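Asks: The structure's right below; bear with me while I get my questions together.
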Amino acid sequence: MRTEQPKMIYLKDYQAPDYLIDETHLTFELFEDHSLVHAQLVMRRNPACAGGELPPLILDGQQLELLSLSLDGEELSETDYQLDDSHLRLQPKAERFVIDSSVRIHPESNTALEGLYKSGGMFCTQCEAEGFRKITYYLDRPDVMSKFTTTVSAEQHRYPVLLSNGNPVASGPEEGGRHWATWEDPFKKPAYLFALVAGDLWCVEDSFTTMSRREVALRIYVEPENIDKCQHAMDSLKKSMKWDEEVYGREYDLDIFMIVAVNDFNMGAMENKGLNIFNSSCVLARAETATDAAHQRVEAVVAHEYFHNWSGNRVTCRDWFQLSLKEGFTVFRDAEFSADMNSRTVKRIEDVAYLRTHQFAEDAGPMAHPVRPDAYMEISNFYTLTVYEKGSEVLRMIHCLLGAEAFRQGSDLYFARHDGQAVTCDDFIQAMEDASGQDLSQFKRWYTQAGTPRLAVSEVYDAQAKTYSLTFRQSCPATPGQSEKQPFVIPVALGLLDAAGNDLPLRLAGESAAVGTSRVLSVTEAEQRFVFEGIEAKPLPSLLRGFSAPVKLSFPYSRDQLMFLMQHDSDGFNRWEAGQQLAVQVLQELIGQQQRGEALVMDPRLTGALRSVLEDEQLDQAMVAEMLSLPGEGYLTEISEVADVEAIHAAREFARRQLAEALFEPLWQRYQANREASRNSAYVAEAAHFARRSLQNIALSYLMLDGKAEVLAACLEQFEVCDNMTERLAALAVLVNSPYEEEKAKALASFAEFFKDNPLVMDQWFSVQAACSLPGALQRVQQLMQHPTFTLKNPNKVRALIGAFAGQNPVGFHQADGSGYRFLADQVITLNALNPQIAARLLAPLTRWRKYDSARQGLMRAELERILASGELSSDVFEVVSKSLA
Ligand code: TRP
Ligand code: ZN
């Protein structure tokens with residue numbers, strides 16, 4: 001806990017380190033009631049800052065009990081150094097020296113899950129961003145890169161497996177039933193990539209032959225009961241290794257690559273060199289216990305962490321302001337990998353829907369910050385949707401502007417130029433500029449300006465001149481600390497459709513010939529006009545194809561035009577987008593009717609459009625499913641000026657019921673055909689099967705709204721008779737949201753009885769109930785917190801129950817009496833003392849108070865004030881609460 005107000009850290013204050021650590025030799029002695037860490041640091045003055053007197057050496061260290069300290073073999077006494085609660089300061093006497101320290105730490109009582117801690121019966125570490133300082137005194141900053149050797153000693157029986165980064169070099173028994181192992185990592189790395197694991201683990205083994213014919217041993221370590229759930233992660237790992245060779249020319253560099261699954265983990269996974277540590281939710285997957293979405297998440301996260309070996313580890317960040325250098329790039333890489341492994345269009349739709357619902361909200365709220373932040377109090381709070389997801393969009397725009405070939409050359413140059421270095425986002429851009437010859441100086445505003453730009457587009461058709469002009473006007477709202485914004489470079493991929501729905505050849509004024517039928521315009525001015533020539537009749541524009549820039553685009557489409565685009569656009573993403581915009585228009589009309597107390601009347605064109613989609617046998621089934629999914633309540637909230645939670649919910653539910661009734665026949669037919677196919681084939685984790693099941697399940701969710709006995713029977717049958725969690729959980733979810741109380745209770749009970757020993761499945765069981773918008777949600781959540789498998793100490797449980805309630809159940813959370821807010825604040829206050837990172841993340845829904853009516857604003861602010869006054873806050877929670885109230 002902090003003792004004084006945490007202070008702001010600024011990018012502009014960056015200074016290179018005074019000292020470097022060439023070698024780091026660590027010895028861990030692990031015990032049940034404490035652990036000892038001995039560190040030998042071989043240090044020298046940083047030649048880049050040489051000259052003048054030797055500056056003091058200030059090592060980071062928190063919650064460490066210093067047992068001994070020596071400089072060049074001489075034991076120091078307490079007068080030779082200064083200690084406070086986060087630093088150890090001493091005066092070196094020479095340019096080169098060796099520090100030896102011993103500290104005592106308490107992993108057994110570490111609930112923050114940062115540094116060395118215990119998850120179940122195993123020891124593990126999480127050092128990013130600043131966790132290493134809770135292990136030993138060190139220069140805990142990413143621009144200090146060192147060669148590590150690590151020896152671990154522990155009781156043989158409880159901890160037969162002892163792992164760290166790099167290669168195993170020696171091991172042996174010790175007296176007293178203990179044993180030890182030494183690992184050596186030949187690659188220099190910052191401390192945040194350090195890892196250690198000790199436990200009773202089994203492993204699945206495989207191998208991969210790299211493009212230069214080196215054999216790499218692959219191992220996935222899990223607790224024994226999970227040994228049957230590793231194959232999908234292993235397959236994903238091998239695909240990732242191959243893909244990174246083929247698409248980026250990147251080869252793996254050690255002889256062994258290990259993944260360890262742990263149950264207690266603050267995030268998805270961590271890319272420690274050669275020893276990735278994963279939240280078990282991102283490793284374990286098999287048909288019976290993990291949904292299709294979980295399988296895809298495992299594939300994506302395994303790839304993400306593997307890709308970090310180059311984009312993050314071989315080339316790392318100079319300081320934490322540069323976090324998006326590794327995260328934005330690596331998310332872009334994993335998104336492209338997933339697109340190549342599955343359906344590209346569906347992956348893009350999912351990512352854009354997620355970005356627009358969550359990142360756009362963050363960018364419009366009190367925590368808004370640029371992709372490269374310029375100040376922070378607590379770096380853990382900056383592992384955000386903006387740094388990750390918007391950061392990935394920035395890379396995608398560079399890819400779009402430069403083209404695949406120049407982008408690859410830029411990436412090759414970046415890795416070659418900076419291998420073994422800690423660098424900045426500017427260095428990355430410089431490599432892209434040098435390789436492509438393009439000037440990206442204006443483009444770099446995407447790294448420094450926060451907020452989501454708006455792009456308003458208008459058209460003029462001149463029948464006489466046969467010209468069609470599009471005028472783009474961009475603007476960007478003010479964000480905290482940034483009132484004025486300069487124009488961005490916005491790549492707009494577009495096409496023009498003729499009356500038959502065909503793409504027209506595109507020739508801009510001044511060009512002698514058309515350049516394709518889909519092209520990228522670079523919008524760089526606040527207002528800019530593009531004139532297309534040789535256009536025989538007024539076309540219909542298809543704008544921002546593939547969502548080529550993370551902006552809020554507006555164009556005055558009529559509903560009929562949107563229906564036309566849904567049918568004819570050659571860009572799959574924009575076909576979906578047209579359907580979404582049509583649905584948004586129809587839903588906003590219903591929301592207005594609901595607010596005025598009028599009878600709800602839905603535009604039948606939406607039904608007609610979705611009927612055509614359902615009847616289109618040529619369309620990818622996953623696309624049919626995506627197009628049938630109405631924009632979520634979260635997205636409808638995000639695009640509202642003032643969000644009326646109840647009206648949004650009522651309007652959307654009304655629309656769903658109308659669609660269910662009007663489209664019963666085609667839905668029922670699609671459901672039965674797909675259910676039949678599911679019944680007749682064993683589970684396969686592949687795109688075509690994901691597609692079939694997603695259409696089957698969304699059809700079921702509509703059909704159940706209609707109250708027909710044969711549908712209920714089909715739902716119960718699907719719940720009971722299936723070989724996979726995708727069908728079972730979807731059936732459970734629709735039952736939970738249905739009025740069939742008896743069937744619902746029975747299904748929930750039998751599910752819990754069957755899966756009570758599988759924590760990841762129980763997480764799903766909690767989430768389905770927490771997200772259920774039927775009355776009494778808060779009471780159900782509070783009751784579920786008493787369930788024997790629930791604990792606040794496990795982040796997955798917190799996210800599954802409390803996070804799902806606050807984030808995925810708007811009507812439940814935003815109850816007008818403020819009970820949802822009070823509940824969330826209570827949990828944040830408790831978690832603040834247990835796990836500050838999780839507490840701060842859980843807070844996000846309360847920070848969005850500006851979106852709601854004044855009564856709710858008052859209630860939400862009051863809870864934020866109550867948290868602020870609740871006692872000693874972690875820097876994590878303090879930063880989020882104080883900025884939200886500012
Ligand atoms: N670098 C990790 C990733 O994106 C993120 C991460 C894992 C993390 N665990 C963390 C960040 C704990 C902060 C705190 O792949
Ligand atoms: Zn990452």
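In the structure tokens, chains take letters A, B, ... by order of appearance, with residues numbered from 1 within each chain and ligands from 1 in the order shown.
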Would you mind writing down, as a list in words, each residue of region 139-175 of chain A that DSSP on the backbone assigns to strand (DSSP E or B)?
Replies: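 Reading the DSSP output for region 139-175 of chain A, strand (DSSP E or B) covers Ser146, Lys147, Phe148, Thr149, Thr150, Thr151, Val152, Ser153, Ala154, Glu155, Val161, Leu162, Leu163, Ser164, Asn167, Pro168, Val169, Ala170, Ser171, Gly172, Pro173 and Glu174 of chain A.
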Asks: List as JSON, numbers by chain the protein and nucleic acid residues near Thr452 (chain A), meaning an atom at most 12 Å away when only C-alpha atoms are counted, but skip any in the same chain fewer than 5 places from it.
Replies: {"A": [355, 356, 358, 359, 360, 361, 362, 363, 364, 365, 368, 369, 370, 371, 386, 390, 393, 446, 474, 475, 476, 477, 478, 479, 485, 487, 488, 490, 549, 550, 551, 552, 553, 638]}
Asks: As a VMD selection string, please: the residues near Ser70 (chain A) (cut-off 8 Å, only C-alpha atoms, same-chain neighbours under 4 positions excluded).
Replies: chain A and resid 74 to 76 99 to 101
Asks: Around ligand 1, at most 10 Å away and counting only C-alpha atoms and all ligand atoms, which residues are there? Put them as an MDAnalysis selection string, please.
Replies: chainID A and resid 113:115 125:131 192:193 265:272 276:279 301:308 312 323:324 326:328 330:331 379:384 388 837:838
Asks: Need the shell around region 106-109 of chain A: protein/DNA/RNA residues with any atom at most 6 Å away, counting only C-alpha atoms. Skip same-chain ones fewer than 3 positions apart. Format as a VMD selection string?
Replies: chain A and resid 34 116 to 118
Asks: Within 12 Å of Leu628 (chain A), counting only C-alpha atoms, which residues qualify if same-chain residues fewer than 6 places away don't, as a count of residues only?
Replies: 33
Asks: Would you give me, as a Markdown table, each residue of region 591-650 of chain A having an atom within 10 Å of an atom of region 849-867 of chain A, along with its shortest atom pair and that distance in Å to one decimal, using only C-alpha atoms and sorting by chain and residue number?
Replies:
| residue | atom | partner | partner_atom | distance |
| --- | --- | --- | --- | --- |
| A:Thr637 | CA | A:Lys851 | CA | 7.7 |
| A:Glu638 | CA | A:Lys851 | CA | 7.9 |
| A:Ile639 | CA | A:Lys851 | CA | 9.7 |
| A:Ser640 | CA | A:Lys851 | CA | 7.8 |
| A:Glu641 | CA | A:Lys851 | CA | 6.9 |
| A:Val642 | CA | A:Lys851 | CA | 5.2 |
| A:Ala643 | CA | A:Tyr852 | CA | 5.4 |
| A:Asp644 | CA | A:Tyr852 | CA | 7.0 |
| A:Val645 | CA | A:Tyr852 | CA | 8.2 |
Asks: Which neighbours of Ala170 (chain A) fall inside 10 Å, counting only C-alpha atoms, when residues of the same chain fewer than 2 positions from it are skipped, and could you give them as a VMD selection string?
Replies: chain A and resid 151 167 to 168 172 180 to 184
Asks: Find the residues around Ser153 (chain A) up to 8 Å (only C-alpha atoms counted), leave out those fewer than 2 positions away in its own chain, and share them as a list in words.
Replies: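 With the cut-off at 8 Å, the set is Thr27, Phe28, Glu29, Leu30, Thr151, Glu155, Leu162, Arg178, His179, Trp180 and Ala181 of chain A.
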Asks: Name the residues of region 613-780 of chain A that come out as alpha helix (DSSP H) in a backbone DSSP run; write them as a PyMOL selection string.
Replies: chain A and resi 613-615+621-628+633-638+645-662+664-679+687-703+709-720+725-736+741-755+759-770+777-780
Asks: One decimal, in Å: what's the spacing between CA of Met704 (chain A) and CA of Asn809 (chain A)?
Replies: 19.6 Å
Asks: Measuring between only C-alpha atoms, which one of A:Ala752, A:Leu705, A:Ile220, A:Leu11 shows the shortest distance to Arg372 (chain A)?
Replies: A:Leu11
Asks: Hey, can you check how far CA of Glu753 (chain A) sits from CA of Gln782 (chain A)?
Replies: 20.0 Å
Asks: Which is closest to Cys49 (chain A) among A:Ala714, A:Ala770, A:Ala16, A:Ile21, if we use only C-alpha atoms?
Replies: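 Of A:Ala714, A:Ala770, A:Ala16, A:Ile21, the one nearest Cys49 (chain A) is A:Ala16, counting only C-alpha atoms.
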Asks: As an exercise, work out the distance from CA of Leu540 (chain A) to CA of Ser554 (chain A) in Å and give it to one decimal place.
Replies: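 Interatomic distance, CA of Leu540 (chain A) to CA of Ser554 (chain A): 14.1 Å.
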Asks: Choose the residue, out of A:Ser102, A:Thr150, A:Asn313, A:Ser171, that has the smallest atom-to-atom separation from ligand 2; count only C-alpha atoms and all ligand atoms.
Replies: A:Asn313
Asks: Measuring atom to atom with only C-alpha atoms and all ligand atoms, identify which of A:Gln669, A:Thr789, A:Asn758, A:Thr316 is nearest to ligand 2.
Replies: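 Comparing A:Gln669, A:Thr789, A:Asn758, A:Thr316 against ligand 2, the winner is A:Thr316.
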Asks: Ranking A:His649, A:Lys7, A:Lys466, A:Arg133 by minimum distance to Ser773 (chain A) and counting only C-alpha atoms, which one comes first?
Replies: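 Ranked by minimum distance to Ser773 (chain A), first place goes to A:His649.
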Asks: Considering only C-alpha atoms, can you say which of A:Glu251, A:Asp427, A:Asp503, A:Asp33 comes closest to Tyr414 (chain A)?
Replies: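 Nearest to Tyr414 (chain A): A:Asp427.
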